[in-house]
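Shown here: query03.txt, compact mmCIF, C-alpha atoms.
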# COMPACT_ATOMS: atom_id res chain seq x y z
CA GLN A 55 -9.28 66.95 33.74
CA VAL A 56 -8.51 70.25 32.11
CA GLN A 57 -5.13 71.92 32.35
CA LEU A 58 -4.79 75.66 31.87
CA MET A 59 -1.49 77.34 31.12
CA GLU A 60 -1.19 81.13 31.22
CA SER A 61 1.52 83.15 29.53
CA GLY A 62 2.25 86.72 28.57
CA GLY A 63 2.62 88.42 31.92
CA GLY A 64 5.42 90.87 32.60
CA SER A 65 6.36 94.37 33.65
CA VAL A 66 5.30 97.48 31.75
CA GLN A 67 5.03 101.17 32.39
CA ALA A 68 1.67 102.85 32.84
CA GLY A 69 -0.05 103.30 29.51
CA GLY A 70 1.56 100.21 28.07
CA SER A 71 0.01 96.99 26.82
CA LEU A 72 0.26 93.29 27.46
CA ARG A 73 -1.48 90.28 25.99
CA LEU A 74 -2.18 87.30 28.19
CA SER A 75 -2.85 83.87 26.75
CA CYS A 76 -4.43 80.82 28.34
CA ALA A 77 -4.17 77.49 26.56
CA ALA A 78 -6.46 74.68 27.63
CA SER A 79 -5.48 71.04 27.26
CA GLY A 80 -6.70 67.68 28.44
CA HIS A 81 -10.42 66.96 28.38
CA THR A 82 -12.35 69.24 26.05
CA TYR A 83 -15.98 70.28 26.34
CA SER A 84 -18.31 71.33 23.54
CA SER A 85 -19.21 74.47 25.46
CA ALA A 86 -17.30 76.20 28.19
CA CYS A 87 -16.94 79.51 29.94
CA MET A 88 -13.44 80.84 30.36
CA GLY A 89 -12.45 83.79 32.43
CA TRP A 90 -9.63 85.91 33.72
CA PHE A 91 -9.31 86.80 37.37
CA ARG A 92 -6.71 88.79 39.24
CA GLN A 93 -5.55 88.95 42.81
CA VAL A 94 -3.36 91.22 44.85
CA PRO A 95 -1.93 89.92 48.14
CA GLY A 96 -4.30 90.69 50.99
CA LYS A 97 -7.26 91.33 48.71
CA GLU A 98 -10.04 89.17 47.34
CA ARG A 99 -9.75 87.68 43.90
CA GLU A 100 -11.51 89.81 41.30
CA GLY A 101 -13.23 88.64 38.15
CA VAL A 102 -11.84 90.66 35.26
CA ALA A 103 -13.47 89.23 32.14
CA ARG A 104 -15.09 86.07 30.82
CA ILE A 105 -16.23 84.64 27.51
CA ASN A 106 -17.96 81.52 26.31
CA PHE A 107 -16.59 78.85 23.99
CA GLY A 108 -18.95 77.10 21.62
CA GLY A 109 -22.46 78.50 21.32
CA GLY A 110 -22.65 78.24 17.57
CA GLY A 111 -20.82 81.49 16.95
CA THR A 112 -22.75 83.53 19.51
CA TYR A 113 -20.47 85.01 22.12
CA TYR A 114 -21.05 86.49 25.51
CA THR A 115 -18.43 88.67 27.11
CA TYR A 116 -18.25 90.25 30.52
CA TYR A 117 -15.87 92.90 31.85
CA THR A 118 -15.58 94.34 35.28
CA ASP A 119 -16.16 98.09 35.25
CA SER A 120 -12.56 99.06 35.94
CA VAL A 121 -11.27 97.47 32.72
CA LYS A 122 -14.07 98.30 30.28
CA GLY A 123 -12.72 100.04 27.21
CA ARG A 124 -9.13 98.99 28.02
CA PHE A 125 -9.17 95.19 28.10
CA THR A 126 -10.50 92.82 25.44
CA ILE A 127 -11.14 89.13 25.94
CA SER A 128 -11.20 86.85 22.91
CA GLN A 129 -10.97 83.19 22.13
CA ASP A 130 -9.63 80.86 19.49
CA ASN A 131 -11.70 77.70 19.38
CA ALA A 132 -9.26 75.89 17.13
CA ARG A 133 -6.43 76.44 19.60
CA ASN A 134 -8.54 76.09 22.77
CA THR A 135 -7.03 79.38 23.84
CA VAL A 136 -8.42 82.52 25.41
CA TYR A 137 -6.66 85.86 25.29
CA LEU A 138 -6.78 89.02 27.34
CA GLU A 139 -5.54 92.08 25.50
CA MET A 140 -4.73 94.75 28.07
CA ASN A 141 -4.19 98.32 26.90
CA SER A 142 -3.73 101.62 28.73
CA LEU A 143 -2.49 99.72 31.73
CA LYS A 144 -2.55 101.42 35.11
CA PRO A 145 -0.56 100.71 38.27
CA GLU A 146 -3.77 99.46 39.88
CA ASP A 147 -3.87 96.67 37.28
CA THR A 148 -0.83 95.14 38.97
CA ALA A 149 -1.78 91.67 40.15
CA THR A 150 -1.40 87.99 39.54
CA TYR A 151 -3.75 87.08 36.71
CA TYR A 152 -5.39 83.69 36.65
CA CYS A 153 -7.20 81.88 33.87
CA ALA A 154 -10.22 79.77 34.77
CA ALA A 155 -12.63 77.50 32.94
CA THR A 156 -15.80 75.56 33.50
CA PRO A 157 -18.09 73.52 31.22
CA ILE A 158 -21.49 75.05 30.55
CA TRP A 159 -24.79 73.94 29.00
CA SER A 160 -25.70 77.30 27.50
CA ILE A 161 -24.42 80.83 27.04
CA GLY A 162 -26.66 81.83 29.92
CA ASP A 163 -24.50 79.77 32.24
CA CYS A 164 -21.57 82.03 31.38
CA GLU A 165 -23.71 85.14 31.89
CA ARG A 166 -24.74 84.05 35.38
CA ARG A 167 -21.29 84.17 37.03
CA PRO A 168 -20.46 80.46 36.97
CA VAL A 169 -18.36 78.65 39.52
CA PHE A 170 -15.07 77.91 37.81
CA GLY A 171 -13.65 74.47 38.50
CA TYR A 172 -10.38 74.65 36.61
CA TRP A 173 -7.65 77.18 37.29
CA GLY A 174 -4.23 78.01 35.93
CA GLN A 175 -1.14 78.75 37.99
CA GLY A 176 -1.24 82.48 37.37
CA THR A 177 0.97 85.00 35.64
CA GLN A 178 2.26 88.21 37.18
CA VAL A 179 1.46 91.59 35.67
CA THR A 180 3.29 94.59 37.08
CA VAL A 181 2.54 98.13 35.94
CA SER A 182 4.87 100.87 37.12
CA SER A 183 3.99 104.55 37.23

Show me, as structure tokens, the structure contained in the file I just sent.
Amino acid sequence: QVQLMESGGGSVQAGGSLRLSCAASGHTYSSACMGWFRQVPGKEREGVARINFGGGGTYYTYYTDSVKGRFTISQDNARNTVYLEMNSLKPEDTATYYCAATPIWSIGDCERRPVFGYWGQGTQVTVSS
């Protein structure tokens, strides 16, 4: 089993920044895909960004169009942690943000929108105008 713990959510004004962290514990995999999703009540969950762990130093990253140029996903292999740096925040970024993870065989598995089997509890991000 893998446990994911998010932190770093909060309330900011539009234009502000937040940094989310997701620490993985429990069973570790040599290669994994980790992602950030967000959900607003009454709407479908949206994939925000994802990145692969492992891969011999080759990294794949994905961003949904609405966050490109504003959000940056990164990872720290030594700490089994993935980060989401969020800049120029907008009110429409308000949501509960979830971290997710799944083991993969290759970087391509992370490119092809994997099914994530492990999820965190979520952290709230509120952006006021």

Q) If we count all atoms listed in the file, what is near Gly162 (chain A) at a cut-off of 12 Å, once residues fewer than 6 positions away on the same chain are taken out, given as a PyMOL selection string? A) chain A and resi 85-87+105-106+109+112-116+168

Q: Could you tell me which of A:Lys144, A:Arg92, A:Lys97, A:Trp173 comes closest to Thr118 (chain A) if we count all atoms listed in the file?
A: A:Arg92

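The residue set within 10 Å of Pro95 (chain A), counting all atoms listed in the file and dropping same-chain residues fewer than 2 places from it, reads Gln93, Lys97, Glu98, Arg99, Ala149 and Thr150 of chain A.
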
Generate a file of the selected residues that holds C-alpha atoms, formatted as a short mmCIF file (atom, residue, chain, number, x, y, z; two decimals), in the frame of the given file.
data_model
loop_
_atom_site.label_atom_id
_atom_site.label_comp_id
_atom_site.auth_asym_id
_atom_site.auth_seq_id
_atom_site.Cartn_x
_atom_site.Cartn_y
_atom_site.Cartn_z
CA GLN A 93 -5.55 88.95 42.81
CA LYS A 97 -7.26 91.33 48.71
CA GLU A 98 -10.04 89.17 47.34
CA ARG A 99 -9.75 87.68 43.90
CA ALA A 149 -1.78 91.67 40.15
CA THR A 150 -1.40 87.99 39.54
#

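As for CA of Val66 (chain A) and CA of Glu139 (chain A), they are spaced 13.6 Å apart.
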
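Across the structure, CA of Glu165 (chain A) and CA of Ser75 (chain A) are spaced 21.5 Å apart.
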
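Counting from CA of Thr156 (chain A), the distance to CA of Glu100 (chain A) is 16.8 Å.
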